[in-house]
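Participant: Following this line is model-v9.txt, made up of compact mmCIF, C-alpha atoms:
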```txt
# COMPACT_ATOMS: atom_id res chain seq x y z
CA MET M 1 60.52 -143.63 29.32
CA ILE M 2 59.91 -140.05 30.50
CA ARG M 3 63.34 -138.96 29.27
CA LEU M 4 62.36 -139.90 25.74
CA PHE M 5 59.94 -136.94 25.64
CA GLU M 6 62.13 -134.29 27.26
CA GLY M 7 62.34 -132.37 23.98
CA PHE M 8 58.63 -131.53 24.03
CA ASP M 9 57.18 -128.48 25.77
CA LYS M 10 54.37 -128.79 28.30
CA TYR M 11 51.56 -128.25 25.79
CA ASN M 12 52.86 -130.70 23.18
CA LEU M 13 53.54 -133.33 25.83
CA GLN M 14 50.29 -133.11 27.78
CA ALA M 15 47.83 -132.12 25.06
CA ARG M 16 49.20 -134.19 22.14
CA ILE M 17 51.58 -136.94 23.28
CA TYR M 18 49.57 -137.99 26.35
CA PRO M 19 46.33 -138.63 24.39
CA ALA M 20 48.28 -140.84 21.97
CA LEU M 21 49.90 -142.73 24.86
CA ILE M 22 46.50 -143.25 26.52
CA THR M 23 45.08 -144.52 23.24
CA PHE M 24 47.77 -147.18 22.94
CA LEU M 25 48.10 -147.88 26.67
CA PRO M 26 46.15 -151.17 26.37
CA VAL M 27 48.65 -152.43 23.81
CA MET M 28 51.64 -151.48 25.95
CA ALA M 29 50.02 -153.00 29.04
CA SER M 30 49.12 -156.25 27.30
CA VAL M 31 52.60 -156.64 25.85
CA PHE M 32 54.19 -155.92 29.21
CA LEU M 33 51.83 -158.01 31.34
CA LEU M 34 51.05 -160.98 29.12
CA TRP M 35 53.13 -161.33 25.98
CA SER M 36 56.59 -160.19 27.03
CA LYS M 37 58.69 -160.41 30.16
CA THR M 38 60.24 -157.02 29.54
CA PHE M 39 58.73 -153.93 27.97
CA PRO M 40 60.36 -153.19 24.58
CA GLN M 41 61.93 -149.90 25.66
CA GLN M 42 64.63 -150.03 22.98
CA THR M 43 61.98 -150.19 20.26
CA VAL M 44 60.12 -147.24 21.74
CA ALA M 45 63.35 -145.28 22.14
CA ALA M 46 64.27 -145.90 18.51
CA PHE M 47 60.81 -144.77 17.40
CA VAL M 48 61.01 -141.54 19.39
CA THR M 49 64.59 -140.82 18.32
CA ALA M 50 63.62 -141.28 14.68
CA GLY M 51 61.04 -138.53 15.02
CA GLY M 52 58.09 -140.80 15.63
CA ALA M 53 56.85 -138.85 18.65
CA PHE M 54 57.02 -135.59 16.71
CA LEU M 55 55.01 -137.21 13.93
CA VAL M 56 52.46 -138.50 16.44
CA ALA M 57 52.12 -135.02 17.99
CA ASN M 58 51.43 -133.49 14.58
CA VAL M 59 48.94 -136.19 13.61
CA VAL M 60 47.08 -135.78 16.91
CA ARG M 61 47.07 -132.01 16.45
CA GLY M 62 45.61 -132.37 12.95
CA LEU M 63 42.90 -134.75 14.15
CA GLY M 64 42.06 -132.44 17.03
CA LYS M 65 41.79 -129.37 14.80
CA SER M 66 39.57 -131.23 12.33
CA LEU M 67 37.30 -132.35 15.16
CA GLU M 68 37.18 -128.82 16.57
CA LYS M 69 35.71 -127.51 13.30
CA ARG M 70 32.86 -130.01 13.64
CA LEU M 71 32.41 -129.17 17.31
CA VAL M 72 32.14 -125.46 16.50
CA VAL M 73 29.23 -126.25 14.18
CA ARG M 74 27.63 -128.52 16.77
CA TRP M 75 28.06 -125.96 19.57
CA ASP M 76 27.27 -122.93 17.40
CA GLY M 77 30.65 -121.42 18.26
CA LEU M 78 33.45 -121.94 20.76
CA PRO M 79 32.91 -121.11 24.45
CA THR M 80 34.94 -117.90 24.05
CA THR M 81 32.52 -116.73 21.36
CA HIS M 82 29.49 -117.66 23.48
CA MET M 83 30.82 -115.57 26.36
CA LEU M 84 30.94 -112.43 24.21
CA ARG M 85 27.43 -112.75 22.75
CA TYR M 86 24.37 -111.05 24.18
CA ARG M 87 22.16 -113.97 23.22
CA ASN M 88 24.18 -116.50 25.23
CA ASN M 89 24.52 -114.45 28.42
CA SER M 90 22.26 -113.74 31.36
CA ASN M 91 24.83 -111.75 33.33
CA ILE M 92 24.75 -108.57 31.25
CA PRO M 93 26.91 -106.40 33.58
CA LEU M 94 29.74 -108.95 33.43
CA LEU M 95 29.29 -109.30 29.67
CA LYS M 96 29.54 -105.53 29.13
CA ARG M 97 32.60 -105.28 31.37
CA ARG M 98 34.39 -107.94 29.37
CA ARG M 99 33.38 -106.47 26.04
CA GLU M 100 34.51 -102.96 26.98
CA ALA M 101 37.88 -104.18 28.26
CA LEU M 102 38.41 -106.34 25.19
CA GLN M 103 37.63 -103.44 22.87
CA LYS M 104 40.29 -101.32 24.57
CA ILE M 105 42.90 -104.00 23.89
CA THR M 106 41.89 -104.92 20.36
CA HIS M 107 40.57 -101.56 19.06
CA LEU M 108 37.67 -103.46 17.51
CA ARG M 109 34.12 -102.10 17.67
CA PHE M 110 31.70 -104.62 19.07
CA PRO M 111 28.13 -104.58 17.75
CA ALA M 112 25.32 -103.48 20.01
CA GLU M 113 22.73 -106.08 20.98
CA SER M 114 20.35 -105.11 18.20
CA LYS M 115 23.04 -105.32 15.54
CA GLU M 116 24.25 -108.65 16.86
CA ARG M 117 20.70 -109.92 16.50
CA LEU M 118 20.43 -108.60 12.92
CA ASP M 119 23.77 -109.99 11.74
CA PRO M 120 24.98 -112.71 14.16
CA GLN M 121 27.55 -114.10 11.72
CA ARG M 122 29.39 -110.79 11.39
CA ALA M 123 29.21 -110.28 15.14
CA ASP M 124 30.82 -113.68 15.70
CA GLN M 125 33.63 -112.79 13.30
CA ILE M 126 34.40 -109.72 15.42
CA TYR M 127 34.30 -111.74 18.65
CA ILE M 128 36.61 -114.40 17.21
CA ALA M 129 39.08 -111.78 15.97
CA ALA M 130 39.07 -110.02 19.33
CA THR M 131 39.62 -113.28 21.19
CA ARG M 132 42.62 -114.13 19.02
CA VAL M 133 44.17 -110.75 19.74
CA LEU M 134 43.70 -111.29 23.48
CA ILE M 135 45.29 -114.74 23.22
CA ILE M 136 48.35 -113.18 21.58
CA HIS M 137 48.61 -110.57 24.34
CA VAL M 138 48.35 -113.21 27.05
CA ARG M 139 50.74 -115.59 25.29
CA ASP M 140 53.41 -112.87 25.06
CA LYS M 141 53.56 -112.61 28.86
CA LYS M 142 55.07 -115.99 29.69
CA GLY M 143 54.78 -117.13 33.28
CA ARG M 144 52.22 -114.45 34.11
CA TYR M 145 49.01 -116.24 33.17
CA ASP M 146 49.80 -119.84 34.07
CA LEU M 147 46.17 -120.65 34.83
CA VAL M 148 45.20 -119.71 31.26
CA HIS M 149 47.98 -121.87 29.88
CA ASP M 150 47.01 -124.82 32.09
CA GLU M 151 43.34 -124.62 31.08
CA ASN M 152 44.37 -124.41 27.42
CA ILE M 153 46.38 -127.62 27.86
CA ASN M 154 43.40 -129.28 29.54
CA TYR M 155 41.12 -128.28 26.67
CA GLY M 156 43.62 -129.48 24.06
CA PHE M 157 44.06 -132.77 25.92
CA ARG M 158 40.30 -133.45 26.03
CA ARG M 159 39.70 -132.33 22.44
CA ASN M 160 42.49 -134.53 21.12
CA LEU M 161 41.32 -137.50 23.17
CA LEU M 162 37.85 -137.11 21.67
CA ALA M 163 39.41 -136.99 18.21
CA LEU M 164 41.15 -140.30 18.98
CA LYS M 165 38.02 -141.92 20.43
CA PRO M 166 37.24 -144.29 17.51
CA LEU M 167 40.84 -145.53 17.49
CA GLY M 168 40.89 -145.78 21.28
CA ILE M 169 37.76 -147.93 21.37
CA ALA M 170 39.12 -150.17 18.61
CA VAL M 171 42.47 -150.64 20.40
CA ALA M 172 40.80 -151.42 23.73
CA LEU M 173 38.50 -153.99 22.09
CA LEU M 174 41.42 -155.64 20.31
CA CYS M 175 43.28 -155.90 23.59
CA VAL M 176 40.26 -157.50 25.24
CA ILE M 177 40.34 -160.08 22.44
CA SER M 178 44.08 -160.45 23.06
CA ASP M 179 43.39 -161.15 26.73
CA ALA M 180 40.90 -163.84 25.75
CA ALA M 181 43.43 -165.37 23.34
CA TRP M 182 46.07 -165.45 26.08
CA TRP M 183 43.65 -167.22 28.41
CA GLN M 184 42.80 -169.76 25.69
CA LEU M 185 46.47 -170.52 25.20
CA ASN M 186 47.40 -170.75 28.88
CA LYS M 187 44.15 -171.78 30.61
CA VAL M 188 45.29 -169.87 33.69
CA VAL M 189 43.60 -166.93 35.39
CA ALA M 190 46.86 -165.27 36.35
CA TYR M 191 47.37 -161.99 38.20
CA PRO M 192 48.74 -160.20 35.08
CA LEU M 193 45.66 -161.30 33.12
CA ILE M 194 43.34 -159.84 35.76
CA ILE M 195 45.20 -156.52 35.70
CA SER M 196 45.13 -156.42 31.90
CA VAL M 197 41.41 -157.20 31.72
CA LEU M 198 40.53 -154.61 34.37
CA LEU M 199 42.68 -151.96 32.70
CA ASN M 200 41.24 -152.60 29.25
CA ALA M 201 37.68 -152.66 30.58
CA ALA M 202 38.21 -149.40 32.48
CA LEU M 203 39.70 -147.67 29.44
CA LEU M 204 36.92 -148.95 27.20
CA ALA M 205 34.31 -147.64 29.64
CA ALA M 206 36.09 -144.27 29.81
CA TRP M 207 36.20 -143.96 26.02
CA ILE M 208 32.49 -144.70 25.74
CA LEU M 209 31.05 -142.94 28.79
CA LEU M 210 33.43 -140.10 29.67
CA ILE M 211 35.11 -138.85 26.52
CA ARG M 212 32.25 -136.98 24.88
CA PRO M 213 31.70 -133.52 23.32
CA GLN M 214 30.20 -132.17 26.57
CA TRP M 215 33.40 -133.17 28.42
CA VAL M 216 35.41 -131.11 25.93
CA TRP M 217 32.96 -128.19 26.19
CA GLN M 218 33.44 -128.04 29.97
CA ALA M 219 37.19 -127.68 29.51
CA GLY M 220 36.60 -125.03 26.84
CA GLU M 221 34.39 -123.05 29.21
CA ALA M 222 37.01 -123.20 31.94
CA TYR M 223 39.66 -121.97 29.51
CA ALA M 224 37.42 -119.14 28.29
CA GLU M 225 36.73 -118.03 31.87
CA ARG M 226 40.44 -117.92 32.75
CA LEU M 227 41.26 -116.16 29.47
CA PHE M 228 38.70 -113.40 30.06
CA ASP M 229 39.74 -113.13 33.71
CA THR M 230 42.97 -111.61 32.40
CA LEU M 231 40.93 -108.59 31.35
CA GLU M 232 40.83 -107.64 35.04
CA ASP M 233 44.61 -107.12 34.97
CA PRO M 234 45.07 -103.33 34.73
CA THR M 235 48.52 -103.70 33.20
CA LEU M 236 47.01 -105.52 30.22
CA LEU M 237 44.74 -102.62 29.29
CA PRO M 238 45.95 -99.56 27.37
CA GLY M 239 45.43 -96.14 28.92
CA ASP M 240 43.12 -94.70 26.26
CA SER M 241 39.61 -96.06 25.99
CA GLU M 242 37.74 -96.80 22.80
CA PRO M 243 34.03 -96.27 22.05
CA SER M 244 32.17 -99.00 23.95
CA GLU M 245 29.88 -100.22 21.17
CA THR M 246 28.44 -99.15 17.86
CA GLN M 247 25.01 -97.63 18.29
CA THR M 248 21.92 -98.61 16.43
```
Represent the supplied structure as structure tokens.
Facilitator:
Amino acid sequence: MIRLFEGFDKYNLQARIYPALITFLPVMASVFLLWSKTFPQQTVAAFVTAGGAFLVANVVRGLGKSLEKRLVVRWDGLPTTHMLRYRNNSNIPLLKRRREALQKITHLRFPAESKERLDPQRADQIYIAATRVLIIHVRDKKGRYDLVHDENINYGFRRNLLALKPLGIAVALLCVISDAAWWQLNKVVAYPLIISVLLNAALLAAWILLIRPQWVWQAGEAYAERLFDTLEDPTLLPGDSEPSETQT
């Protein structure tokens, strides 16, 4: 089964394919445990070979990006944006250190606190642009910032799982009904039935109780922290400094 996905890089596999597999895990488990003696690997292999997994990855990505737009509105910005705002920070020395380092890399002028307060939308546009430039710099140095890459995968995995939550709940419920139908047909409380019921119940509970916007936000915060930690790398910063902030 694992060999079927060897063509995918780490991000696509863990952040896009894995959420889809988790969503349909109850179906695969029920088929394997209750309705079939052997798992239909040939069918899955044919689906993947025909480009099905690539299609799934793109669909999951689209759903995740659409959800992220709604989350940005709900959160009033991504965690990376929050960490560059005066109004969202209590640790001002750390905030200023990050802002000054980021300005040196991006050559963008960050607004002073008073100007951020007067025009928060324009300030956010500058912070978003600066963050994207930093991401490009970090991405170009493959193998150097693995922690950033790993946290980005974790965030993408959680975001995409949340995007699949309605489908995941529906699939888990249908499989619970399937378990009941199997019991009605066989009138036997067999070991495979117990495993299937426990698995479906656990997944249903996880979808409802664990996979929530706050769970995604926590991963986003961790990613933002690791991303801005790269600003402490002296080799990332250019030699010439830029003006720290526009003055009021």
Participant: Find the residue from M:Leu95, M:Leu236, M:Ile211, M:Leu67 that sits nearest to Tyr145 in chain M; use all atoms listed in the file when measuring.
Facilitator: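 For Tyr145 in chain M, the nearest of the candidates is M:Leu236.
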Participant: May I ask which of the residues M:Arg87, M:Arg212, M:Arg16, M:Lys187 is the closest one to Gly64 in chain M, counting all atoms listed in the file?
Facilitator: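 Using all atoms listed in the file, the shortest distance to Gly64 in chain M belongs to M:Arg16.
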Participant: List every protein, DNA or RNA residue with an atom no more than 8 Å from (29.8, -108.9, 20.6) in the file's coordinates, counting all atoms listed in the file, and format the result as a list in words.
Facilitator: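 Neighbouring residues, ordered by chain and number, come to Leu84, Arg85, Tyr86, Arg99, Phe110, Pro111, Ala112, Glu113, Glu116, Ala123, Asp124, Ile126 and Tyr127 of chain M.
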Participant: Can you work out which one of M:Arg109, M:Asn152, M:Val56, M:Glu68 has the shortest atom-to-atom distance to Arg122 in chain M, counting only C-alpha atoms?
Facilitator: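 Of M:Arg109, M:Asn152, M:Val56, M:Glu68, the one nearest Arg122 in chain M is M:Arg109, counting only C-alpha atoms.
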Participant: State, in Å with one decimal place, the distance from CA of Leu203 in chain M to CA of Ala170 in chain M.
Facilitator: 11.1 Å
Participant: Report, in Å with one decimal, the straight-line distance from CA of Arg74 in chain M to CA of Ala163 in chain M.
Facilitator: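 Those two atoms sit 14.6 Å apart.
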Participant: One decimal, Å: what's the distance from CA of Leu134 in chain M over to CA of Ile153 in chain M, could you say?
Facilitator: 17.1 Å
Participant: Pull the closest atom pair for each residue of range 57-127 of chain M that gets at most 10 Å from range 220-227 of chain M, along with the distance in Å to one decimal, counting all atoms listed in the file, ordering rows by chain and then ascending residue number, as a Markdown table.
Facilitator:
```
| residue | atom | partner | partner_atom | distance |
| --- | --- | --- | --- | --- |
| M:Leu78 | CA | M:Gly220 | CA | 7.5 |
| M:Pro79 | CA | M:Glu221 | CA | 5.3 |
| M:Thr80 | CA | M:Ala224 | CA | 5.1 |
| M:Thr81 | CA | M:Ala224 | CA | 8.8 |
| M:His82 | CA | M:Glu221 | CA | 9.3 |
| M:Met83 | CA | M:Ala224 | CA | 7.7 |
```
Participant: Please tabulate, as JSON lines, the residues of range 107-172 of chain M that come within 8 Å of range 18-25 of chain M, each with its closest pair of atoms and the distance in Å to one decimal, counting all atoms listed in the file and ordering rows by chain, then residue number upward.
Facilitator:
```
{"residue": "M:Phe157", "atom": "CA", "partner": "M:Pro19", "partner_atom": "CA", "distance": 6.5}
{"residue": "M:Asn160", "atom": "CA", "partner": "M:Pro19", "partner_atom": "CA", "distance": 6.5}
{"residue": "M:Leu161", "atom": "CA", "partner": "M:Pro19", "partner_atom": "CA", "distance": 5.3}
{"residue": "M:Leu164", "atom": "CA", "partner": "M:Thr23", "partner_atom": "CA", "distance": 7.2}
{"residue": "M:Leu167", "atom": "CA", "partner": "M:Thr23", "partner_atom": "CA", "distance": 7.2}
{"residue": "M:Gly168", "atom": "CA", "partner": "M:Thr23", "partner_atom": "CA", "distance": 4.8}
{"residue": "M:Val171", "atom": "CA", "partner": "M:Phe24", "partner_atom": "CA", "distance": 6.8}
```
Participant: So for range 119-129 of chain M, what box centre and size do we get, axis-aligned, 8 Å extra on each of the six sides, every listed atom, Å to one decimal, as JSON?
Facilitator:
```
{"center_x": 31.4, "center_y": -112.1, "center_z": 15.0, "size_x": 31.3, "size_y": 20.7, "size_z": 23.3}
```
Participant: I need every residue sitting at most 10 Å from the point (48.6, -120.3, 27.7) (coordinates as in the file, all atoms listed in the file considered), written as a short mmCIF file (atom, residue, chain, number, x, y, z; two decimals) with C-alpha atoms, in the frame of the given file.
Facilitator:
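Saved the output as result.cif:
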```cif
data_model
loop_
_atom_site.label_atom_id
_atom_site.label_comp_id
_atom_site.auth_asym_id
_atom_site.auth_seq_id
_atom_site.Cartn_x
_atom_site.Cartn_y
_atom_site.Cartn_z
CA TYR M 11 51.56 -128.25 25.79
CA ILE M 135 45.29 -114.74 23.22
CA ILE M 136 48.35 -113.18 21.58
CA VAL M 138 48.35 -113.21 27.05
CA ARG M 139 50.74 -115.59 25.29
CA ASP M 140 53.41 -112.87 25.06
CA LYS M 141 53.56 -112.61 28.86
CA LYS M 142 55.07 -115.99 29.69
CA GLY M 143 54.78 -117.13 33.28
CA ARG M 144 52.22 -114.45 34.11
CA TYR M 145 49.01 -116.24 33.17
CA ASP M 146 49.80 -119.84 34.07
CA LEU M 147 46.17 -120.65 34.83
CA VAL M 148 45.20 -119.71 31.26
CA HIS M 149 47.98 -121.87 29.88
CA ASP M 150 47.01 -124.82 32.09
CA GLU M 151 43.34 -124.62 31.08
CA ASN M 152 44.37 -124.41 27.42
CA ILE M 153 46.38 -127.62 27.86
CA TYR M 223 39.66 -121.97 29.51
CA ARG M 226 40.44 -117.92 32.75
CA LEU M 227 41.26 -116.16 29.47
#
```
Participant: Can you pull out every residue within 7 Å of range 174-179 of chain M, counting only C-alpha atoms, but drop anything in the same chain fewer than 5 positions away, and send it as a PyMOL selection string?
Facilitator: chain M and resi 26-27+30+193+197+200
